[in-house]
Amino acid sequence: MDMDWSQALQESLSWLAVATVVTFIVFAGASALAIRWTRWGRQFWQIAGPYLSPRNSWKPLLVFAVLLVLALFAVRMNVLFSFWYNGFYSALQALDQKAFWFLLGVFAVLATIHVLRALFNYYVTQAFSIRWRIWLTERLTADWMNGDAYYRGQFLDTPVDNPDQRIELDVNAFVNYSVSLSLGAVSALVSLVAFTGILWGLSAPLSVAGVEIPRAMVFAVYIYVIIATWIAFRLGRPLIRLNFLNEKLTANFRYALMRLREYAENVAFYQGSAIERGTLLGRFSALIGNVWALVYRSLKFDGFNLAVSQVAVVFPFILQAPRFFSGAIKLGDVMQTSQAFGQVQDSLSFFRSSYDTFAQYRATLDRLTGFLDANQQSRELPSVTRIAQSEALDIVGMQVQRPDGHHLLQDLNLNLRPGQALLIKGPSGSGKTTLLRALAGLWPYAEGEVHCPAGSDALFLAQRPYLPLGDLRSAIAYPASSLPGDDERLQQALRQVNLAHLTDRLDLNNDWSRILSIGEQQRLAFARVLVNRPRIVFLDESTSAMDEGLEHALYSLLRREMSDSVLVSVGHRATLSRFHTHRLELDGQGAWSLTEQAAHEPPALS
Ligand SMILES: Nc1ncnc2c1ncn2[C@@H]1O[C@H](COP(=O)(O)OP(=O)(O)OP(=O)(O)O)[C@@H](O)[C@H]1O
């Protein structure tokens with residue numbers, strides 16, 4: 001088959017126009033059917049719908065349409081190259097110098113367009129993927145934060161595992177798989193049609209056992225590729241499981257390494273390095289065992305694939321040889337047959353090799369939709385009714401239970417005016433921390449009404465001190481963000497809590513929770529209270545790592561500096577009583593008793 005190169009541009013444009021219209025219609029139809037009728041289609045739309053929907057913006061869809069046209073353009077370029085090969089080899093065979101030089105000129109044009117197309121395609125694909133990834137990461141992160149889902153998710157019947165992996169790895173994988181699978185399928189199908197057409201034109205009937213088979217070449221290719229694909233599929237199938245195991249075993253090994261880093265000090269004190277080394281190497285050898293299994297399986301799989309592609313090099317030549325030597329076709333036709341054969345084989349192989357990619361894609365979809373669903377369910381978990389008021393704390397008819405239904409606290413009613421302070425006491429496990437969780441609206445096994453200041457007017461200091469990543473300045477101001485002009489205030493607060501030695505290290509970026517002792521971290525939390533000046537503050541054993549003198553000094557400071565705020569503390573020490581006007585005793589079985597006492601605020605010692 002020859003090509004009239006002077007018509008190539010015009011023909012290619014009209015080919016592209018027709019292919020674009022057909023592809024858009026078929027693609028849109030297939031997508032709509034998949035979204036309507038398949039589980040993975042629905043999951044895809046749940047994750048990506050808000051981004052791709054024109055109601056959000058037309059831009060993502062338009063850019064994707066450009067990507068589709070670019071994929072068609074690439075197929076058309078391959079078709080043009082295949083005709084170029086035909087003409088070029090025929091010119092060589094005919095010793096036609098004029099045609100030879102003309103075709104080299106054509107090649108220069110084709111090659112330039114090809115390079116520019118490839119670069120442009122790379123850029124647009126990346127830009128599309130990056131924007132999508134940003135959008136999705138922002139959406140998942142916001143969804144995870146919304147309604148405290150990141151905390152309350154633990155109370156679901158089946159909490160999601162590894163949200164970090166879902167937000168980081170799965171988002172990236174989802175975007176890359178979505179783009180490569182959809183565009184890959186489109187180019188494979190269009191290529192298949194285009195090159196089957198070319199083979200059809202080059203094909204002649206073949207007589208097998210006296211029966212004449214028309215267009216035998218085309219059927220031969222399909223039969224060859226389908227059989228080879230089927231065998232490769234059988235051989236390659238175990239690779240899916242082995243690859244999955246590989247990821248899991250790698251993650252296990254990495255987690256053990258990370259954990260050792262996290263608990264380095266404990267392990268070092270226990271002199272536990274021998275046990276830790278055993279664990280690490282045990283996990284590593286499981287990983288290596290699987291790597292060897294992968295190697296042996298790949299030897300079989302790749303061996304077969306290599307053999308098939310070597311046969312595929314000569315197979316089309318063998319089929320066309322009789323016609324070439326009889327003079328029915330030219331060298332160029334033989335070369336084009338070989339090229340078209342390769343393209344058809346590649347296109348069909350796409351569907352085989354995508355089988356395991358698609359399995360991974362579905363697993364990614366499961367993990368992402370599972371994450372979104374879990375966040376939604378976490379938000380729907382019950383909690384106490386929290387009603388914001390500017391000062392004072394009123395608790396009405398509060399019930400708190402354990403997840404197993406055991407009553408920790410029944411029908412609690414309590415009112416605290418500004419300046420009053422409540423000390424919650426009770427045996428370990430009686431539900432003191434859980435009561436604070438319920439007051440904060442975090443605990444789902446609680447009912448009742450809590451009227452109290454909200455937002456930045458309320459501050460909860462949890463039992464375990466928390467310092468965010470970053471510099472000391474942000475750690476003190478947390479959860480407010482610190483402004484450079486705040487230095488004097490932050491330093492003053494540090495001095496007040498006996499941390500004067502930190503005043504010149506505000507800008508130091510360090511892992512502060514590792515450097516500061518627990519007692520120092522607890523003092524820093526007090527500085528945080530002084531800086532944030534909430535209307536109500538909840539302290540859960542916030543002085544447990546301090547000696548009594550320091551505890552006394554800090555409580556005095558708090559009561560003096562924030563005499564209008566409401567204070568709610570949990571603590572075991574009897575010495576705490578003097579800083580509180582009310583005392584709530586829990587017995588852990590539901591009963592409670594409230595006593596009012598005269599607060600006597602002793603003068604500060606320090
Ligand atoms: N997420 C949870 N799932 C199941 N049970 C929980 C959960 N959190 C707390 N509990 C249980 O609820 C009970 C109350 O725990 P809580 O931490 O409130 O006790 P506490 O009075 O603060 O104890 P301590 O004085 O030792 O700090 C305990 O029996 C605890 O095991």
# chains A, B, ... in the order shown; residues from 1 in each chain; ligands from 1
$ residues_around --residues "Phe155 (chain A)" --least-positions-apart "6" --cutoff "10 Å" --atoms "only C-alpha atoms" --output "list in words"
Ala149, Gln377, Ser378, Leu381, Pro403, Trp443, Pro444 and Tyr445 of chain A
$ write_last_selection --atoms "N, CA and C atoms" --output "mmCIF file, in the first residue's frame"
data_model
loop_
_atom_site.group_PDB
_atom_site.id
_atom_site.type_symbol
_atom_site.label_atom_id
_atom_site.label_comp_id
_atom_site.auth_asym_id
_atom_site.auth_seq_id
_atom_site.Cartn_x
_atom_site.Cartn_y
_atom_site.Cartn_z
ATOM 1 N N ALA A 149 -12.819 13.373 62.516
ATOM 2 C CA ALA A 149 -12.856 11.988 62.034
ATOM 3 C C ALA A 149 -11.537 11.274 62.289
ATOM 4 N N GLN A 377 -18.823 8.009 58.506
ATOM 5 C CA GLN A 377 -19.430 7.291 59.640
ATOM 6 C C GLN A 377 -18.938 7.864 60.972
ATOM 7 N N SER A 378 -17.649 8.244 61.011
ATOM 8 C CA SER A 378 -17.117 8.810 62.258
ATOM 9 C C SER A 378 -17.872 10.079 62.621
ATOM 10 N N LEU A 381 -21.205 9.377 64.271
ATOM 11 C CA LEU A 381 -21.250 8.780 65.614
ATOM 12 C C LEU A 381 -21.878 9.786 66.569
ATOM 13 N N PRO A 403 -17.174 1.631 75.817
ATOM 14 C CA PRO A 403 -17.668 1.051 74.563
ATOM 15 C C PRO A 403 -18.444 -0.248 74.805
ATOM 16 N N TRP A 443 -16.010 11.738 72.646
ATOM 17 C CA TRP A 443 -16.409 10.376 73.065
ATOM 18 C C TRP A 443 -17.806 10.064 72.550
ATOM 19 N N PRO A 444 -17.953 9.001 71.761
ATOM 20 C CA PRO A 444 -19.279 8.743 71.174
ATOM 21 C C PRO A 444 -20.259 8.061 72.127
ATOM 22 N N TYR A 445 -19.753 7.468 73.232
ATOM 23 C CA TYR A 445 -20.669 6.732 74.111
ATOM 24 C C TYR A 445 -21.103 7.644 75.258
#
$ residues_near_ligand --ligand "ligand 1" --cutoff "7 Å" --atoms "only C-alpha atoms and all ligand atoms" --output "NGL selection string"
:A and (155 or 402-403 or 426-435)
$ closest_residue --among "A:Arg437, A:His451, A:Arg283, A:Arg495" --to "Ala251 (chain A)" --atoms "only C-alpha atoms"
A:Arg283
$ residues_around --residues "Gly419 (chain A)" --least-positions-apart "5" --cutoff "12 Å" --atoms "only C-alpha atoms" --output "JSON, numbers by chain"
{"A": [391, 392, 393, 535, 536, 537, 558, 559, 560, 561, 562, 563, 564, 565, 566, 567, 568, 579, 580, 581, 582, 599, 601]}
$ write_last_selection --atoms "C-alpha atoms" --output "CSV table (one decimal), in the first residue's frame"
chain,number,residue,atom,x,y,z
A,391,GLU,CA,-18.3,31.8,79.9
A,392,ALA,CA,-19.2,29.3,82.7
A,393,LEU,CA,-19.8,25.6,82.3
A,535,ARG,CA,-12.3,31.1,79.1
A,536,ILE,CA,-12.2,27.5,80.2
A,537,VAL,CA,-9.3,25.1,80.6
A,558,LEU,CA,-2.8,29.9,86.7
A,559,ARG,CA,-5.4,30.9,89.3
A,560,ARG,CA,-3.8,34.3,89.8
A,561,GLU,CA,-3.3,35.1,86.1
A,562,MET,CA,-6.6,33.8,84.9
A,563,SER,CA,-8.9,34.4,87.8
A,564,ASP,CA,-12.0,34.7,85.6
A,565,SER,CA,-11.6,31.5,83.7
A,566,VAL,CA,-13.2,28.2,84.6
A,567,LEU,CA,-10.7,25.5,85.5
A,568,VAL,CA,-11.5,21.7,85.3
A,579,PHE,CA,-6.9,25.4,94.1
A,580,HIS,CA,-10.4,24.2,93.4
A,581,THR,CA,-13.8,25.3,94.5
A,582,HIS,CA,-15.6,22.1,93.6
A,599,ALA,CA,-11.1,27.8,97.7
A,601,GLU,CA,-5.6,30.5,97.0
$ select_by_dssp --residues "region 414-480 of chain A" --states "strand (DSSP E or B)" --output "PDB file with N, CA and C atoms, in the first residue's frame"
ATOM      1  N   LEU A 414     -24.163  19.778  86.650  1.00  0.00           N
ATOM      2  CA  LEU A 414     -23.102  20.550  87.300  1.00  0.00           C
ATOM      3  C   LEU A 414     -23.048  21.941  86.683  1.00  0.00           C
ATOM      4  N   ASN A 415     -22.818  22.963  87.524  1.00  0.00           N
ATOM      5  CA  ASN A 415     -22.687  24.328  86.995  1.00  0.00           C
ATOM      6  C   ASN A 415     -21.480  24.986  87.617  1.00  0.00           C
ATOM      7  N   LEU A 416     -20.653  25.578  86.797  1.00  0.00           N
ATOM      8  CA  LEU A 416     -19.494  26.323  87.302  1.00  0.00           C
ATOM      9  C   LEU A 416     -19.534  27.727  86.724  1.00  0.00           C
ATOM     10  N   ALA A 421     -13.491  26.482  90.051  1.00  0.00           N
ATOM     11  CA  ALA A 421     -12.603  25.430  89.580  1.00  0.00           C
ATOM     12  C   ALA A 421     -13.068  24.088  90.112  1.00  0.00           C
ATOM     13  N   LEU A 422     -13.000  23.077  89.234  1.00  0.00           N
ATOM     14  CA  LEU A 422     -13.494  21.746  89.594  1.00  0.00           C
ATOM     15  C   LEU A 422     -12.342  20.754  89.554  1.00  0.00           C
ATOM     16  N   LEU A 423     -12.229  19.937  90.597  1.00  0.00           N
ATOM     17  CA  LEU A 423     -11.238  18.867  90.601  1.00  0.00           C
ATOM     18  C   LEU A 423     -11.977  17.537  90.473  1.00  0.00           C
ATOM     19  N   ILE A 424     -11.627  16.757  89.472  1.00  0.00           N
ATOM     20  CA  ILE A 424     -12.266  15.443  89.284  1.00  0.00           C
ATOM     21  C   ILE A 424     -11.334  14.388  89.854  1.00  0.00           C
ATOM     22  N   LYS A 425     -11.872  13.569  90.740  1.00  0.00           N
ATOM     23  CA  LYS A 425     -11.056  12.523  91.354  1.00  0.00           C
ATOM     24  C   LYS A 425     -11.750  11.180  91.217  1.00  0.00           C
ATOM     25  N   ALA A 446     -21.656   8.787  74.898  1.00  0.00           N
ATOM     26  CA  ALA A 446     -22.058   9.744  75.926  1.00  0.00           C
ATOM     27  C   ALA A 446     -23.293  10.496  75.450  1.00  0.00           C
ATOM     28  N   GLU A 447     -24.118  10.928  76.411  1.00  0.00           N
ATOM     29  CA  GLU A 447     -25.291  11.738  76.075  1.00  0.00           C
ATOM     30  C   GLU A 447     -25.366  12.904  77.040  1.00  0.00           C
ATOM     31  N   GLY A 448     -26.210  13.851  76.713  1.00  0.00           N
ATOM     32  CA  GLY A 448     -26.400  14.992  77.605  1.00  0.00           C
ATOM     33  C   GLY A 448     -26.038  16.288  76.910  1.00  0.00           C
ATOM     34  N   GLU A 449     -26.129  17.365  77.694  1.00  0.00           N
ATOM     35  CA  GLU A 449     -25.848  18.683  77.128  1.00  0.00           C
ATOM     36  C   GLU A 449     -24.691  19.316  77.861  1.00  0.00           C
ATOM     37  N   VAL A 450     -23.801  19.939  77.090  1.00  0.00           N
ATOM     38  CA  VAL A 450     -22.694  20.668  77.704  1.00  0.00           C
ATOM     39  C   VAL A 450     -22.729  22.086  77.169  1.00  0.00           C
ATOM     40  N   HIS A 451     -22.937  23.052  78.064  1.00  0.00           N
ATOM     41  CA  HIS A 451     -22.889  24.458  77.661  1.00  0.00           C
ATOM     42  C   HIS A 451     -21.560  24.993  78.141  1.00  0.00           C
ATOM     43  N   CYS A 452     -20.709  25.446  77.248  1.00  0.00           N
ATOM     44  CA  CYS A 452     -19.438  26.013  77.692  1.00  0.00           C
ATOM     45  C   CYS A 452     -18.787  26.794  76.565  1.00  0.00           C
ATOM     46  N   ALA A 458     -11.787  27.549  74.606  1.00  0.00           N
ATOM     47  CA  ALA A 458     -11.657  26.366  75.454  1.00  0.00           C
ATOM     48  C   ALA A 458     -10.341  25.688  75.109  1.00  0.00           C
ATOM     49  N   LEU A 459      -9.648  25.207  76.149  1.00  0.00           N
ATOM     50  CA  LEU A 459      -8.381  24.529  75.893  1.00  0.00           C
ATOM     51  C   LEU A 459      -8.331  23.257  76.728  1.00  0.00           C
ATOM     52  N   PHE A 460      -8.062  22.138  76.062  1.00  0.00           N
ATOM     53  CA  PHE A 460      -7.921  20.851  76.738  1.00  0.00           C
ATOM     54  C   PHE A 460      -6.457  20.458  76.719  1.00  0.00           C
ATOM     55  N   LEU A 461      -5.883  20.192  77.894  1.00  0.00           N
ATOM     56  CA  LEU A 461      -4.518  19.655  77.914  1.00  0.00           C
ATOM     57  C   LEU A 461      -4.625  18.171  78.238  1.00  0.00           C
ATOM     58  N   ASP A 471       9.009  24.886  65.070  1.00  0.00           N
ATOM     59  CA  ASP A 471       9.838  25.602  66.040  1.00  0.00           C
ATOM     60  C   ASP A 471       9.125  25.722  67.397  1.00  0.00           C
TER      61      ASP A 471
END
$ decode --residues "region 90-182 of chain A" --atoms "C-alpha atoms" --output "compact mmCIF listing (two decimals), in the first residue's frame"
# COMPACT_ATOMS: atom_id res chain seq x y z
CA SER A 90 10.19 -0.20 -1.46
CA ALA A 91 12.37 2.69 -2.64
CA LEU A 92 15.47 0.79 -1.46
CA GLN A 93 14.30 -2.33 -3.25
CA ALA A 94 13.62 -0.39 -6.46
CA LEU A 95 17.00 1.43 -6.13
CA ASP A 96 14.97 4.64 -6.50
CA GLN A 97 17.28 7.40 -5.24
CA LYS A 98 14.82 10.23 -5.75
CA ALA A 99 12.18 8.54 -3.63
CA PHE A 100 14.84 7.67 -1.05
CA TRP A 101 15.81 11.34 -0.51
CA PHE A 102 12.22 12.51 -0.62
CA LEU A 103 11.27 10.00 2.07
CA LEU A 104 14.19 11.06 4.23
CA GLY A 105 12.76 14.58 4.05
CA VAL A 106 9.35 13.24 5.03
CA PHE A 107 10.99 11.43 7.92
CA ALA A 108 12.56 14.64 9.19
CA VAL A 109 9.11 16.26 9.33
CA LEU A 110 7.49 13.20 10.94
CA ALA A 111 10.28 12.82 13.50
CA THR A 112 10.08 16.49 14.49
CA ILE A 113 6.33 16.29 14.98
CA HIS A 114 6.77 13.03 16.89
CA VAL A 115 9.30 14.51 19.32
CA LEU A 116 7.23 17.66 19.90
CA ARG A 117 4.08 15.60 20.38
CA ALA A 118 5.78 13.31 22.90
CA LEU A 119 7.08 16.25 24.95
CA PHE A 120 3.79 18.11 24.87
CA ASN A 121 1.94 14.93 25.79
CA TYR A 122 4.28 14.33 28.73
CA TYR A 123 3.79 17.87 29.98
CA VAL A 124 -0.01 17.89 29.71
CA THR A 125 -0.29 14.44 31.34
CA GLN A 126 1.90 15.52 34.24
CA ALA A 127 0.12 18.86 34.69
CA PHE A 128 -3.25 17.11 34.67
CA SER A 129 -2.11 14.46 37.17
CA ILE A 130 -0.45 16.93 39.51
CA ARG A 131 -3.52 19.19 39.69
CA TRP A 132 -5.76 16.21 40.29
CA ARG A 133 -3.42 14.91 42.98
CA ILE A 134 -3.38 18.27 44.75
CA TRP A 135 -7.14 18.48 44.68
CA LEU A 136 -7.60 14.93 45.97
CA THR A 137 -4.98 15.22 48.71
CA GLU A 138 -6.60 18.43 49.91
CA ARG A 139 -10.01 16.83 49.81
CA LEU A 140 -8.97 13.71 51.74
CA THR A 141 -6.98 15.65 54.31
CA ALA A 142 -9.85 18.06 54.91
CA ASP A 143 -12.31 15.18 55.06
CA TRP A 144 -10.15 13.40 57.62
CA MET A 145 -9.93 16.52 59.80
CA ASN A 146 -13.60 17.41 59.44
CA GLY A 147 -15.67 16.57 62.52
CA ASP A 148 -12.60 15.07 64.26
CA ALA A 149 -12.86 11.99 62.03
CA TYR A 150 -9.10 11.37 62.48
CA TYR A 151 -9.75 10.72 66.17
CA ARG A 152 -13.28 9.38 66.26
CA GLY A 153 -12.56 6.88 63.47
CA GLN A 154 -11.08 4.58 66.13
CA PHE A 155 -14.55 4.00 67.60
CA LEU A 156 -15.97 2.50 64.39
CA ASP A 157 -16.66 -1.23 64.31
CA THR A 158 -13.95 -1.62 61.67
CA PRO A 159 -11.56 1.33 61.92
CA VAL A 160 -9.56 2.02 58.74
CA ASP A 161 -5.92 1.05 58.82
CA ASN A 162 -3.03 3.27 57.71
CA PRO A 163 -4.78 6.52 56.82
CA ASP A 164 -1.32 7.94 56.14
CA GLN A 165 -0.83 5.41 53.36
CA ARG A 166 -4.23 6.18 51.91
CA ILE A 167 -3.61 9.91 51.78
CA GLU A 168 -0.09 9.71 50.43
CA LEU A 169 0.42 6.52 48.39
CA ASP A 170 -3.11 5.71 47.29
CA VAL A 171 -3.96 9.19 46.03
CA ASN A 172 -0.90 9.18 43.85
CA ALA A 173 -1.58 5.65 42.63
CA PHE A 174 -5.24 6.45 41.97
CA VAL A 175 -4.40 9.44 39.78
CA ASN A 176 -1.63 7.67 37.87
CA TYR A 177 -3.64 4.49 37.31
CA SER A 178 -6.75 6.42 36.26
CA VAL A 179 -4.82 8.37 33.64
CA SER A 180 -2.66 5.53 32.35
CA LEU A 181 -5.41 2.90 32.26
CA SER A 182 -8.00 5.08 30.52
